[in-house]
Amino acid sequence: MPEGHTIHRLARDLNKDLAGHDVTASSPQGRFAAGAARLHGEKMVKVDAWGKHLFCGFASGQVLHIHLGLIGKFRRKKLPAPEPTDTVRLRLVGDVAAWDLTGPYLCAVITDDDRQEVTAKLGPDPLRATGVRAVAAAREDFGARLARRRVAIGAALLDQKIIAGIGNVYRAEILFLLGIDPRRPANSLDEAEVNAIWDLTSVQLGQGVRLNRIVTVDPAEAGVKSAGRLKRADALYAYKREGLPCRRCGTEIEIMKIANRSMWACPTCQK
DNA sequence: CGATTATGATTAA
DNA sequence: TAATCCTAATCGC
């Protein structure tokens with residue numbers, strides 16, 4: 001489930017549960033025993049997300065850097081925490097709840113300098129830009145990064161150096177919603193299209209954080225009261241819908257390969 | 001109960 | 001482009 005919205009939601013939930021508390025850290029699976037030992041008993045100060053990267057800052061100055069990758073999960077457990085499964089790489093326990101990390105692509109204790117090195121390599125994250133000024137600056141940065149690339153826009157949106165936080169679902173959905181053919185070169189988009197991608201990504205990822213899942217279909221279009229009410233099968237326009245009729249025009253959704261991953265698009269709605 | 005698949009990203013070829 | 005890492009839900013038999 002991890003695209004940018006998942007990570008920002010985790011940052012929010014972890015802040016609520018663990019920030020300001022001393023935590024106990026352990027690695028039931030064993031692979032992160034040394035890291036857990038370094039964090040054990042430390043006070044977590046603040047959790048922060050940038051794209052798909054999660055950073056948990058500690059009073060000691062240590063930073064827990066987590067990337068969930070494709071299959072990683074960070075799950076909340078009520079106290080008293082149940083016996084951990086043998087795949088739990090890291091368990092953090094605070095005063096309010098416990099959190100179990102499984103299958104991360106990356107889990108390491110780093111310094112704040114390391115963290116800055118990591119984020120310096122990432123493109124702007126629409127969920128980080130707040131305020132009119134910051135939004136305008138980030139959006140312009142995004143446009144400049146796109147303009148330098150002639151790869152397909154469908155590939156560019158997956159490139160975390162261009163924009164941080166979009167994954168395979170959102171890239172398909174955002175390009176569908178804006179009627180953009182995913183094969184068009186990134187540097188062929190005009191300013192209005194670039195701005196529209198940035199703004200829509202902000203809105204969609206923001207909704208993803210709120211709902212804690214990806215819903216892009218307009219609830220009014222689907223005849224329900226709110227996006228949260230949409231069932232899994234009705235929540236998306238393009239992703240994994242090859243061969244099915246486009247919800248807008250009825251044309252069969254196509255599947256293609258872009259940047260080594262499956263991509264879905266409506267040949268009629270996306271020119 | 002085994003095979004398949006996945007909303008990720010890097011490394012090797 | 002393909003192989004690789006990690007886990008767990010789902011699906012077909």
# chains A, B, ... in the order shown; residues from 1 in each chain; ligands from 1

$ closest_atom_pairs --of "chain A" --to "chain B" --cutoff "7 Å" --atoms "only C-alpha atoms (C1' of nucleotides)" --output "tab-separated table"
residue	atom	partner	partner_atom	distance
A:Met1	CA	B:DT7	C1'	4.5
A:Pro2	CA	B:DT7	C1'	5.4
A:Glu3	CA	B:DT7	C1'	5.7
A:Gly69	CA	B:DG8	C1'	4.3
A:Leu70	CA	B:DG8	C1'	4.5
A:Gly167	CA	B:DT7	C1'	6.1
A:Asn168	CA	B:DT7	C1'	6.0
A:Val169	CA	B:DT7	C1'	5.7

$ interface_residues --of "chain A" --to "chain C" --cutoff "8 Å" --atoms "only C-alpha atoms (C1' of nucleotides)" --output "NGL selection string"
:A and (71-72 or 87 or 102-105)

$ write_last_selection --atoms "N, CA and C atoms" --output "CSV table (one decimal), in the first residue's frame"
chain,number,residue,atom,x,y,z
A,71,ILE,N,6.5,-4.1,-0.2
A,71,ILE,CA,5.7,-5.0,0.7
A,71,ILE,C,5.8,-4.6,2.1
A,72,GLY,N,6.6,-3.6,2.5
A,72,GLY,CA,6.7,-3.2,3.9
A,72,GLY,C,5.4,-2.7,4.5
A,87,THR,N,8.4,-12.2,11.8
A,87,THR,CA,8.8,-11.4,10.7
A,87,THR,C,8.9,-9.9,11.1
A,102,THR,N,7.3,-4.6,9.4
A,102,THR,CA,7.7,-5.8,8.7
A,102,THR,C,8.1,-5.5,7.2
A,103,GLY,N,9.0,-6.3,6.7
A,103,GLY,CA,9.3,-6.3,5.3
A,103,GLY,C,9.8,-5.0,4.7
A,104,PRO,N,10.4,-4.1,5.5
A,104,PRO,CA,10.8,-2.8,4.9
A,104,PRO,C,11.9,-3.0,3.8
A,105,TYR,N,12.0,-2.1,2.9
A,105,TYR,CA,13.1,-2.1,1.9
A,105,TYR,C,14.3,-1.5,2.6

$ atom_distance --atom1 "atom CA of Val132 of chain A" --atom2 "atom CA of Asp199 of chain A"
11.9 Å
